[in-house]
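Have a look at the structure below, then the notes.
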Amino acid sequence: MSDAVATNAHEATRDELDRLAREELRRITSIREQGRELSPRDRLAIPSQDMPCQDSRARSRNMSEVAEGYSEAQARLEAERCLDCKNAPCVAGCPVRVDIPLFIKKIREGDFLEAARAIKRTNLLPSICGRVCPQEVQCQATCTLGKSLKSVDKAVQIGRLERWVADHERACGACDLPDVGRPSGRRVAIVGSGPAGLTTAIDLRREGHEVVVYEAFQKAGGVMVYGIPEFRLPKALVATEAGVLGDMGVRYELNFLVGRTRRLGDLLSKDGFDAVFVGAGAGLPKFMEMPGENLVGVFSANEYLTRANLMRAYDRERAATPIYPSRRVAVLGGGNVAMDSARMALRLGAEEVRVLYRRTRAEMPARAEEVGHAMEEGIVFDFLTSPTRVIGNKDGRAEALEILSYALGEPDSSGRRSPVPIKGSERIEAFDTVIVAIGNESNPLLARTSPDLKVDRRGHILVDERQKTSIDRVYAGGDIVLGAATVILAMGEGRRAAGAINDLLG
Ligand code: FAD
Ligand code: SF4
């Protein structure tokens, strides 16, 4: 079953959306000029602001950011929708507890820099979180306005406002650095520079501890740099937000693989660190375990996206890796990583990209917005299908997939209806590139080289409620503990670990 329906809900231009927002703001100003404040009913009637996006045809062939960001009028108008609830359920829905009503109130008052300060008290990566956090299942899922209007899509667009405030602050060149405490004489090593490691590093520097971040790759930022594509999260933004740490005195040791260049235990016993935080992520790709997966032209999503992002495969003049020429691409999986891989393949020049998923759209774990964007760009979805083998040519290159059709059966342990193969439905379809995007696991290197480090059967490090591992003075958080999760959950774990380390060293 194929689904190539385009959803063009976001195709109004930035200028049109801005003009409509200005008109609505004028109406609100005239209400206030009559000496009346907006009632909750007035606020409920203000239309939710759509995100302006690049035209879908143009963007499917360029790497520039898809979402263009609110104009000032749109941000002010969206802020007018907030009911400033006393109990603020949105804050409870945010893993790092940003004071959401306060920052939105500051936007309403036109005090945009104060709005940025309010966010950054608990979240130093607002440009990133405003772009990639799944707000629809976090702060926006609990928003009173969305509940009153019976649709999470109608909740206050908290993420878009966060993004606008952070972008505005950067455009003004007014980014405040967090205060760094007096030197404590204590030293902490951080393994991994993803959102978990960066958040831990910031909170430790605030207390005056010396912090060194060890990163296996040549750039800091973790999946935010090598996984999430440029067209969703510009790398210059990650560099700016990660650069704040350098300005705070955090030292980066890049191209440094802990477990090989140095063992975990050596950081404590030989290098004089007082504590270690492990935020090494879940970077080991899973495969389907089907025949033909070792053929040329079959990639893990990790490898495919890393080549494109970190090694700029798309930038033919300056690329550090050759681009694999693809004509017809199959992406296997239904999550955000599958959406990113499919959209990247299109931008790298593929003529046709198909996503093969064993269930239906309703069961897809990817964010609805990302699926909608992929469909708008022309990616075709083959639901209720999955391959059984990759077929190669005489040169060992992939040239086709054998594909099986599925029907939905009874719900499984995840609550989703399980896919049941339909006997005799096998067929062969030509594909020269196959991208496997069915999830990631933890890299076993650290556990293998530190036998005292307790992990579960999937290799996730076991921690207590304050993120402490089985090794004294070693803490862990983010995907290496949770399995593949989200940026903000990784940040939340980093914050908790930093609190525990600060208590240990305090
Ligand atoms: P990571 O970001 O994985 O960072 C770990 C870092 O540790 C890496 O840089 C790695 O090189 C380094 N490292 C590993 N081992 C060692 C070692 N032994 N020594 C030194 N360094 C080491 N989340 C969202 O919230 N929204 C999204 O839209 C989203 N999209 C995603 C798209 C893709 C393609 C992928 C792969 C993930 C996406 N995620 C998204 C998930 C999110 O990026 C992760 O949950 C998050 O980055 C985890 O943070 P972390 O700090 O635990 O690990
Ligand atoms: Fe505003 Fe929604 Fe938070 Fe209430 S729950 S304060 S309406 S963002």
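Note on naming: chains are A, B, ... as they come in the structure tokens, residues start from 1 per chain, ligands start from 1 in the order shown.
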Could you give me the residues within 8 Å of ligand 2, counting only C-alpha atoms and all ligand atoms, as a tab-separated table (two decimals) with all heavy atoms, in the first residue's frame?
```tsv
chain	number	residue	atom	x	y	z
A	81	ARG	N	-1.73	34.16	23.09
A	81	ARG	CA	-2.66	33.04	23.28
A	81	ARG	C	-2.51	32.40	24.67
A	81	ARG	O	-3.44	31.76	25.16
A	81	ARG	CB	-2.44	31.97	22.22
A	81	ARG	CG	-2.67	32.46	20.81
A	81	ARG	CD	-2.43	31.35	19.79
A	81	ARG	NE	-3.43	30.32	19.87
A	81	ARG	CZ	-3.18	29.01	19.94
A	81	ARG	NH1	-1.93	28.59	19.92
A	81	ARG	NH2	-4.15	28.14	20.03
A	82	CYS	N	-1.35	32.60	25.30
A	82	CYS	CA	-1.09	31.92	26.58
A	82	CYS	C	-2.02	32.46	27.67
A	82	CYS	O	-2.22	33.67	27.80
A	82	CYS	CB	0.36	32.14	26.98
A	82	CYS	SG	0.77	31.49	28.58
A	83	LEU	N	-2.58	31.55	28.46
A	83	LEU	CA	-3.54	31.93	29.51
A	83	LEU	C	-2.85	32.25	30.83
A	83	LEU	O	-3.52	32.58	31.81
A	83	LEU	CB	-4.54	30.77	29.73
A	83	LEU	CG	-5.33	30.34	28.47
A	83	LEU	CD1	-6.05	29.02	28.73
A	83	LEU	CD2	-6.32	31.42	28.07
A	84	ASP	N	-1.52	32.14	30.87
A	84	ASP	CA	-0.75	32.41	32.08
A	84	ASP	C	-1.33	31.63	33.27
A	84	ASP	O	-1.61	32.21	34.33
A	84	ASP	CB	-0.73	33.93	32.36
A	84	ASP	CG	0.44	34.32	33.24
A	84	ASP	OD1	1.27	33.44	33.53
A	84	ASP	OD2	0.49	35.49	33.66
A	85	CYS	N	-1.51	30.35	33.10
A	85	CYS	CA	-2.17	29.51	34.11
A	85	CYS	C	-1.40	29.54	35.43
A	85	CYS	O	-0.17	29.48	35.42
A	85	CYS	CB	-2.21	28.06	33.66
A	85	CYS	SG	-2.79	27.83	31.99
A	86	LYS	N	-2.14	29.59	36.52
A	86	LYS	CA	-1.51	29.63	37.85
A	86	LYS	C	-0.68	28.37	38.10
A	86	LYS	O	0.44	28.43	38.57
A	86	LYS	CB	-2.59	29.73	38.95
A	86	LYS	CG	-3.26	31.09	39.02
A	86	LYS	CD	-2.43	32.08	39.87
A	86	LYS	CE	-2.89	33.51	39.70
A	86	LYS	NZ	-2.75	34.04	38.32
A	87	ASN	N	-1.26	27.20	37.77
A	87	ASN	CA	-0.56	25.94	38.07
A	87	ASN	C	0.43	25.54	36.96
A	87	ASN	O	1.21	24.60	37.13
A	87	ASN	CB	-1.57	24.81	38.29
A	87	ASN	CG	-2.48	24.63	37.09
A	87	ASN	OD1	-2.50	25.50	36.20
A	87	ASN	ND2	-3.20	23.53	37.01
A	88	ALA	N	0.43	26.25	35.84
A	88	ALA	CA	1.37	26.04	34.71
A	88	ALA	C	1.68	24.56	34.43
A	88	ALA	O	2.83	24.12	34.61
A	88	ALA	CB	2.65	26.82	34.96
A	89	PRO	N	0.71	23.80	33.96
A	89	PRO	CA	1.00	22.38	33.69
A	89	PRO	C	2.07	22.18	32.61
A	89	PRO	O	2.73	21.14	32.58
A	89	PRO	CB	-0.36	21.83	33.21
A	89	PRO	CG	-1.17	23.02	32.83
A	89	PRO	CD	-0.68	24.15	33.67
A	90	CYS	N	2.28	23.19	31.76
A	90	CYS	CA	3.31	23.08	30.73
A	90	CYS	C	4.69	22.90	31.35
A	90	CYS	O	5.53	22.17	30.80
A	90	CYS	CB	3.29	24.33	29.84
A	90	CYS	SG	3.32	25.87	30.77
A	91	VAL	N	4.93	23.56	32.50
A	91	VAL	CA	6.26	23.47	33.13
A	91	VAL	C	6.52	22.04	33.59
A	91	VAL	O	7.61	21.49	33.40
A	91	VAL	CB	6.38	24.46	34.31
A	91	VAL	CG1	7.74	24.32	34.99
A	91	VAL	CG2	6.17	25.89	33.83
A	100	ILE	N	7.93	28.44	31.54
A	100	ILE	CA	7.29	28.75	30.26
A	100	ILE	C	6.36	29.97	30.35
A	100	ILE	O	6.47	30.91	29.53
A	100	ILE	CB	6.56	27.49	29.72
A	100	ILE	CG1	7.61	26.43	29.36
A	100	ILE	CG2	5.69	27.82	28.50
A	100	ILE	CD1	7.07	25.03	29.15
A	101	PRO	N	5.46	30.05	31.34
A	101	PRO	CA	4.58	31.23	31.39
A	101	PRO	C	5.37	32.53	31.51
A	101	PRO	O	5.00	33.54	30.91
A	101	PRO	CB	3.73	31.01	32.64
A	101	PRO	CG	3.85	29.56	32.95
A	101	PRO	CD	5.14	29.07	32.39
A	104	ILE	N	6.97	33.48	28.11
A	104	ILE	CA	5.94	33.91	27.15
A	104	ILE	C	5.41	35.29	27.53
A	104	ILE	O	5.18	36.15	26.67
A	104	ILE	CB	4.81	32.86	27.07
A	104	ILE	CG1	5.37	31.55	26.49
A	104	ILE	CG2	3.65	33.37	26.22
A	104	ILE	CD1	4.37	30.43	26.31
A	139	CYS	N	5.70	19.62	26.85
A	139	CYS	CA	5.02	20.82	27.39
A	139	CYS	C	3.69	21.10	26.69
A	139	CYS	O	2.70	21.46	27.35
A	139	CYS	CB	5.95	22.02	27.28
A	139	CYS	SG	6.64	22.28	25.63
A	140	GLN	N	3.64	20.94	25.37
A	140	GLN	CA	2.41	21.29	24.64
A	140	GLN	C	1.31	20.26	24.88
A	140	GLN	O	0.13	20.58	24.77
A	140	GLN	CB	2.70	21.47	23.16
A	140	GLN	CG	3.51	22.74	22.91
A	140	GLN	CD	4.01	22.93	21.50
A	140	GLN	OE1	4.96	23.66	21.31
A	140	GLN	NE2	3.41	22.30	20.52
A	142	THR	N	0.55	19.06	27.68
A	142	THR	CA	-0.13	19.34	28.95
A	142	THR	C	-0.73	20.75	28.98
A	142	THR	O	-1.31	21.16	29.98
A	142	THR	CB	0.87	19.20	30.13
A	142	THR	OG1	1.99	20.04	29.85
A	142	THR	CG2	1.33	17.77	30.30
A	143	CYS	N	-0.58	21.50	27.90
A	143	CYS	CA	-1.01	22.92	27.88
A	143	CYS	C	-2.54	23.04	28.01
A	143	CYS	O	-3.30	22.39	27.28
A	143	CYS	CB	-0.52	23.57	26.58
A	143	CYS	SG	-1.22	25.19	26.27
A	144	THR	N	-2.97	23.91	28.91
A	144	THR	CA	-4.40	24.10	29.18
A	144	THR	C	-5.15	24.56	27.92
A	144	THR	O	-6.29	24.14	27.69
A	144	THR	CB	-4.58	25.20	30.26
A	144	THR	OG1	-3.66	24.93	31.31
A	144	THR	CG2	-5.99	25.23	30.80
A	145	LEU	N	-4.51	25.41	27.14
A	145	LEU	CA	-5.18	25.94	25.95
A	145	LEU	C	-5.49	24.81	24.96
A	145	LEU	O	-6.60	24.71	24.43
A	145	LEU	CB	-4.29	26.98	25.27
A	145	LEU	CG	-4.98	27.78	24.18
A	145	LEU	CD1	-5.75	28.94	24.76
A	145	LEU	CD2	-3.96	28.31	23.19
A	146	GLY	N	-4.52	23.94	24.75
A	146	GLY	CA	-4.72	22.80	23.85
A	146	GLY	C	-5.84	21.91	24.36
A	146	GLY	O	-6.67	21.44	23.58
A	155	ALA	N	-2.46	23.81	21.03
A	155	ALA	CA	-1.79	24.29	22.25
A	155	ALA	C	-0.93	25.50	21.90
A	155	ALA	O	-0.60	25.72	20.72
A	155	ALA	CB	-0.90	23.17	22.80
A	156	VAL	N	-0.54	26.28	22.91
A	156	VAL	CA	0.41	27.37	22.65
A	156	VAL	C	1.67	26.75	22.04
A	156	VAL	O	2.15	25.71	22.51
A	156	VAL	CB	0.77	28.11	23.97
A	156	VAL	CG1	1.82	29.17	23.71
A	156	VAL	CG2	-0.47	28.71	24.61
A	157	GLN	N	2.18	27.34	20.98
A	157	GLN	CA	3.32	26.76	20.26
A	157	GLN	C	4.62	27.13	20.98
A	157	GLN	O	5.40	27.99	20.55
A	157	GLN	CB	3.33	27.25	18.80
A	157	GLN	CG	2.08	26.85	18.03
A	157	GLN	CD	1.92	25.34	17.94
A	157	GLN	OE1	2.81	24.65	17.47
A	157	GLN	NE2	0.79	24.81	18.40
A	158	ILE	N	4.83	26.45	22.11
A	158	ILE	CA	5.91	26.80	23.03
A	158	ILE	C	7.29	26.64	22.36
A	158	ILE	O	8.17	27.51	22.50
A	158	ILE	CB	5.81	25.92	24.30
A	158	ILE	CG1	4.46	26.16	24.99
A	158	ILE	CG2	6.97	26.20	25.25
A	158	ILE	CD1	4.09	25.12	26.04
```
For chain A against ligand 1, with a cut-off of 7 Å and counting only C-alpha atoms and all ligand atoms, what is the closest atom pair and its distance in Å to one decimal for every residue that makes the cut, ordered by chain and number, as JSON lines?
```
{"residue": "A:Val132", "atom": "CA", "partner": "ligand 1", "partner_atom_place_in_ligand_line": "26 (N)", "distance": 4.2}
{"residue": "A:Cys133", "atom": "CA", "partner": "ligand 1", "partner_atom_place_in_ligand_line": "25 (O)", "distance": 4.4}
{"residue": "A:Pro134", "atom": "CA", "partner": "ligand 1", "partner_atom_place_in_ligand_line": "25 (O)", "distance": 6.0}
{"residue": "A:Val191", "atom": "CA", "partner": "ligand 1", "partner_atom_place_in_ligand_line": "20 (C)", "distance": 5.0}
{"residue": "A:Gly192", "atom": "CA", "partner": "ligand 1", "partner_atom_place_in_ligand_line": "7 (O)", "distance": 3.1}
{"residue": "A:Ser193", "atom": "CA", "partner": "ligand 1", "partner_atom_place_in_ligand_line": "6 (C)", "distance": 4.8}
{"residue": "A:Gly194", "atom": "CA", "partner": "ligand 1", "partner_atom_place_in_ligand_line": "51 (O)", "distance": 3.4}
{"residue": "A:Pro195", "atom": "CA", "partner": "ligand 1", "partner_atom_place_in_ligand_line": "51 (O)", "distance": 4.1}
{"residue": "A:Ala196", "atom": "CA", "partner": "ligand 1", "partner_atom_place_in_ligand_line": "51 (O)", "distance": 3.7}
{"residue": "A:Gly197", "atom": "CA", "partner": "ligand 1", "partner_atom_place_in_ligand_line": "51 (O)", "distance": 5.4}
{"residue": "A:Tyr214", "atom": "CA", "partner": "ligand 1", "partner_atom_place_in_ligand_line": "20 (C)", "distance": 5.1}
{"residue": "A:Glu215", "atom": "CA", "partner": "ligand 1", "partner_atom_place_in_ligand_line": "21 (N)", "distance": 3.8}
{"residue": "A:Ala216", "atom": "CA", "partner": "ligand 1", "partner_atom_place_in_ligand_line": "21 (N)", "distance": 3.9}
{"residue": "A:Phe217", "atom": "CA", "partner": "ligand 1", "partner_atom_place_in_ligand_line": "11 (O)", "distance": 5.1}
{"residue": "A:Ala220", "atom": "CA", "partner": "ligand 1", "partner_atom_place_in_ligand_line": "9 (O)", "distance": 6.4}
{"residue": "A:Gly221", "atom": "CA", "partner": "ligand 1", "partner_atom_place_in_ligand_line": "9 (O)", "distance": 5.8}
{"residue": "A:Gly222", "atom": "CA", "partner": "ligand 1", "partner_atom_place_in_ligand_line": "9 (O)", "distance": 3.1}
{"residue": "A:Val223", "atom": "CA", "partner": "ligand 1", "partner_atom_place_in_ligand_line": "2 (O)", "distance": 3.9}
{"residue": "A:Met224", "atom": "CA", "partner": "ligand 1", "partner_atom_place_in_ligand_line": "43 (O)", "distance": 5.6}
{"residue": "A:Gly227", "atom": "CA", "partner": "ligand 1", "partner_atom_place_in_ligand_line": "34 (C)", "distance": 4.1}
{"residue": "A:Ile228", "atom": "CA", "partner": "ligand 1", "partner_atom_place_in_ligand_line": "32 (C)", "distance": 4.4}
{"residue": "A:Phe256", "atom": "CA", "partner": "ligand 1", "partner_atom_place_in_ligand_line": "20 (C)", "distance": 5.6}
{"residue": "A:Leu257", "atom": "CA", "partner": "ligand 1", "partner_atom_place_in_ligand_line": "19 (N)", "distance": 3.8}
{"residue": "A:Val258", "atom": "CA", "partner": "ligand 1", "partner_atom_place_in_ligand_line": "19 (N)", "distance": 3.8}
{"residue": "A:Gly259", "atom": "CA", "partner": "ligand 1", "partner_atom_place_in_ligand_line": "18 (N)", "distance": 5.4}
{"residue": "A:Gly279", "atom": "CA", "partner": "ligand 1", "partner_atom_place_in_ligand_line": "52 (O)", "distance": 5.1}
{"residue": "A:Ala280", "atom": "CA", "partner": "ligand 1", "partner_atom_place_in_ligand_line": "7 (O)", "distance": 3.6}
{"residue": "A:Gly281", "atom": "CA", "partner": "ligand 1", "partner_atom_place_in_ligand_line": "53 (O)", "distance": 3.4}
{"residue": "A:Ala282", "atom": "CA", "partner": "ligand 1", "partner_atom_place_in_ligand_line": "3 (O)", "distance": 5.5}
{"residue": "A:Gly283", "atom": "CA", "partner": "ligand 1", "partner_atom_place_in_ligand_line": "3 (O)", "distance": 6.0}
{"residue": "A:Asn302", "atom": "CA", "partner": "ligand 1", "partner_atom_place_in_ligand_line": "36 (C)", "distance": 6.6}
{"residue": "A:Leu305", "atom": "CA", "partner": "ligand 1", "partner_atom_place_in_ligand_line": "34 (C)", "distance": 6.9}
{"residue": "A:Asn336", "atom": "CA", "partner": "ligand 1", "partner_atom_place_in_ligand_line": "32 (C)", "distance": 5.6}
{"residue": "A:Val337", "atom": "CA", "partner": "ligand 1", "partner_atom_place_in_ligand_line": "34 (C)", "distance": 4.1}
{"residue": "A:Asp340", "atom": "CA", "partner": "ligand 1", "partner_atom_place_in_ligand_line": "34 (C)", "distance": 5.8}
{"residue": "A:Leu445", "atom": "CA", "partner": "ligand 1", "partner_atom_place_in_ligand_line": "18 (N)", "distance": 6.6}
{"residue": "A:Leu446", "atom": "CA", "partner": "ligand 1", "partner_atom_place_in_ligand_line": "18 (N)", "distance": 6.0}
{"residue": "A:Gly477", "atom": "CA", "partner": "ligand 1", "partner_atom_place_in_ligand_line": "52 (O)", "distance": 6.3}
{"residue": "A:Gly478", "atom": "CA", "partner": "ligand 1", "partner_atom_place_in_ligand_line": "52 (O)", "distance": 3.4}
{"residue": "A:Asp479", "atom": "CA", "partner": "ligand 1", "partner_atom_place_in_ligand_line": "52 (O)", "distance": 3.9}
{"residue": "A:Ile480", "atom": "CA", "partner": "ligand 1", "partner_atom_place_in_ligand_line": "52 (O)", "distance": 5.9}
{"residue": "A:Ala484", "atom": "CA", "partner": "ligand 1", "partner_atom_place_in_ligand_line": "45 (O)", "distance": 5.3}
{"residue": "A:Ala485", "atom": "CA", "partner": "ligand 1", "partner_atom_place_in_ligand_line": "45 (O)", "distance": 4.0}
{"residue": "A:Thr486", "atom": "CA", "partner": "ligand 1", "partner_atom_place_in_ligand_line": "45 (O)", "distance": 3.4}
{"residue": "A:Val487", "atom": "CA", "partner": "ligand 1", "partner_atom_place_in_ligand_line": "25 (O)", "distance": 3.9}
{"residue": "A:Ile488", "atom": "CA", "partner": "ligand 1", "partner_atom_place_in_ligand_line": "25 (O)", "distance": 5.8}
{"residue": "A:Ala490", "atom": "CA", "partner": "ligand 1", "partner_atom_place_in_ligand_line": "49 (O)", "distance": 5.0}
```
Restricting the output to N, CA and C atoms, write the selected residues as a short mmCIF file (atom, residue, chain, number, x, y, z; two decimals), in the first residue's frame.
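Result file follows (result_33.cif):
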```cif
data_model
loop_
_atom_site.label_atom_id
_atom_site.label_comp_id
_atom_site.auth_asym_id
_atom_site.auth_seq_id
_atom_site.Cartn_x
_atom_site.Cartn_y
_atom_site.Cartn_z
N VAL A 132 14.14 20.94 17.81
CA VAL A 132 14.02 19.48 17.69
C VAL A 132 13.24 18.79 18.82
N CYS A 133 12.88 19.52 19.88
CA CYS A 133 12.17 18.82 20.96
C CYS A 133 10.78 18.39 20.51
N PRO A 134 10.34 17.20 20.93
CA PRO A 134 8.98 16.77 20.59
C PRO A 134 7.97 17.41 21.55
N VAL A 191 32.58 12.19 29.32
CA VAL A 191 32.81 11.35 28.14
C VAL A 191 31.63 11.54 27.19
N GLY A 192 31.88 12.22 26.07
CA GLY A 192 30.82 12.45 25.08
C GLY A 192 30.30 13.88 25.15
N SER A 193 30.17 14.50 23.96
CA SER A 193 29.77 15.91 23.91
C SER A 193 28.37 16.10 23.33
N GLY A 194 27.49 15.12 23.54
CA GLY A 194 26.08 15.29 23.15
C GLY A 194 25.36 16.16 24.17
N PRO A 195 24.05 16.29 24.04
CA PRO A 195 23.32 17.16 24.96
C PRO A 195 23.46 16.76 26.43
N ALA A 196 23.61 15.44 26.72
CA ALA A 196 23.78 15.02 28.12
C ALA A 196 25.10 15.56 28.66
N GLY A 197 26.18 15.33 27.90
CA GLY A 197 27.50 15.77 28.35
C GLY A 197 27.59 17.28 28.46
N TYR A 214 35.72 14.81 26.76
CA TYR A 214 36.40 13.93 25.80
C TYR A 214 35.40 13.48 24.74
N GLU A 215 35.71 13.72 23.47
CA GLU A 215 34.78 13.41 22.39
C GLU A 215 35.50 12.58 21.32
N ALA A 216 34.86 11.47 20.92
CA ALA A 216 35.47 10.57 19.94
C ALA A 216 35.57 11.20 18.55
N PHE A 217 34.58 12.01 18.19
CA PHE A 217 34.56 12.62 16.85
C PHE A 217 35.37 13.91 16.81
N ALA A 220 32.29 18.77 18.38
CA ALA A 220 31.47 18.59 19.58
C ALA A 220 29.99 18.74 19.21
N GLY A 221 29.14 18.02 19.93
CA GLY A 221 27.69 18.16 19.72
C GLY A 221 26.93 16.85 19.64
N GLY A 222 27.64 15.72 19.49
CA GLY A 222 26.97 14.41 19.45
C GLY A 222 26.02 14.32 18.27
N VAL A 223 24.89 13.66 18.49
CA VAL A 223 23.92 13.43 17.40
C VAL A 223 23.42 14.76 16.83
N MET A 224 23.45 15.82 17.62
CA MET A 224 22.98 17.12 17.12
C MET A 224 23.86 17.58 15.95
N GLY A 227 23.98 13.45 13.46
CA GLY A 227 22.76 12.70 13.17
C GLY A 227 21.66 13.57 12.57
N ILE A 228 21.23 14.58 13.33
CA ILE A 228 20.10 15.40 12.88
C ILE A 228 20.59 16.28 11.72
N PHE A 256 39.11 11.77 20.73
CA PHE A 256 39.62 11.07 21.92
C PHE A 256 38.58 10.02 22.32
N LEU A 257 38.91 8.75 22.11
CA LEU A 257 37.95 7.68 22.39
C LEU A 257 38.25 7.07 23.76
N VAL A 258 37.40 7.37 24.72
CA VAL A 258 37.60 6.79 26.06
C VAL A 258 37.25 5.30 25.98
N GLY A 259 38.12 4.47 26.54
CA GLY A 259 37.96 3.02 26.39
C GLY A 259 39.07 2.50 25.48
N GLY A 279 28.37 10.28 29.00
CA GLY A 279 27.20 10.60 28.16
C GLY A 279 27.53 10.16 26.74
N ALA A 280 27.80 8.85 26.59
CA ALA A 280 28.36 8.34 25.32
C ALA A 280 27.31 7.99 24.28
N GLY A 281 26.03 8.19 24.59
CA GLY A 281 24.98 8.00 23.58
C GLY A 281 24.76 6.54 23.19
N ALA A 282 23.92 6.37 22.17
CA ALA A 282 23.60 5.01 21.66
C ALA A 282 23.90 5.02 20.18
N GLY A 283 25.18 4.90 19.86
CA GLY A 283 25.59 5.10 18.46
C GLY A 283 25.83 3.85 17.66
N ASN A 302 22.95 5.57 10.52
CA ASN A 302 24.05 6.26 11.21
C ASN A 302 25.16 6.65 10.25
N LEU A 305 23.92 9.20 7.52
CA LEU A 305 23.74 10.58 7.99
C LEU A 305 25.06 11.19 8.45
N ASN A 336 11.98 8.81 13.50
CA ASN A 336 12.56 10.09 13.05
C ASN A 336 13.84 9.89 12.24
N VAL A 337 14.60 8.86 12.63
CA VAL A 337 15.87 8.62 11.93
C VAL A 337 15.58 8.20 10.49
N ASP A 340 14.67 11.34 8.57
CA ASP A 340 15.87 12.14 8.25
C ASP A 340 16.66 11.51 7.12
N LEU A 445 31.94 -0.72 23.94
CA LEU A 445 33.36 -0.48 24.23
C LEU A 445 33.62 -0.16 25.71
N LEU A 446 32.85 0.76 26.28
CA LEU A 446 33.12 1.19 27.66
C LEU A 446 32.89 0.03 28.63
N GLY A 477 24.38 9.31 31.92
CA GLY A 477 23.04 9.79 31.56
C GLY A 477 22.89 9.95 30.07
N GLY A 478 21.65 10.15 29.63
CA GLY A 478 21.35 10.30 28.20
C GLY A 478 21.09 8.94 27.57
N ASP A 479 21.31 8.86 26.26
CA ASP A 479 20.97 7.63 25.52
C ASP A 479 21.72 6.40 26.01
N ILE A 480 22.92 6.57 26.58
CA ILE A 480 23.68 5.40 27.05
C ILE A 480 22.96 4.74 28.23
N ALA A 484 17.97 4.86 22.80
CA ALA A 484 17.75 6.02 21.94
C ALA A 484 16.53 6.80 22.42
N ALA A 485 16.75 8.06 22.87
CA ALA A 485 15.66 8.85 23.46
C ALA A 485 15.58 10.21 22.77
N THR A 486 15.63 11.29 23.53
CA THR A 486 15.54 12.62 22.93
C THR A 486 16.59 13.55 23.53
N VAL A 487 16.78 14.68 22.84
CA VAL A 487 17.75 15.69 23.28
C VAL A 487 17.38 16.17 24.69
N ILE A 488 16.14 16.51 24.89
CA ILE A 488 15.76 17.13 26.17
C ILE A 488 15.81 16.12 27.32
N ALA A 490 17.95 13.67 27.47
CA ALA A 490 19.38 13.55 27.73
C ALA A 490 19.85 14.74 28.58
#
```
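Shell of Ser60 in chain A at 10 Å, with only C-alpha atoms counted and residues fewer than 2 places along the chain excluded, is A:Gln54, A:Asp55, A:Ser56, A:Arg57, A:Ala58, A:Asn62, A:Met63, A:Ser64, A:Val66, A:Phe231, A:Arg343, A:Met344, A:Ala345, A:Leu346, A:Arg347, A:Leu348, A:Gly349, A:His373, A:Ala374, A:Glu376, A:Glu377, A:Gly378, A:Ile379.
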How would you write, as a list in words, the set of residues in range 57-283 of chain A that DSSP gives as strand (DSSP E)?
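Selecting the strand (DSSP E) positions of range 57-283 of chain A gives Arg187, Val188, Ala189, Ile190, Val191, Glu210, Val211, Val212, Val213, Tyr214, Arg251, Tyr252, Glu253, Ala275, Val276, Phe277 and Val278 of chain A.
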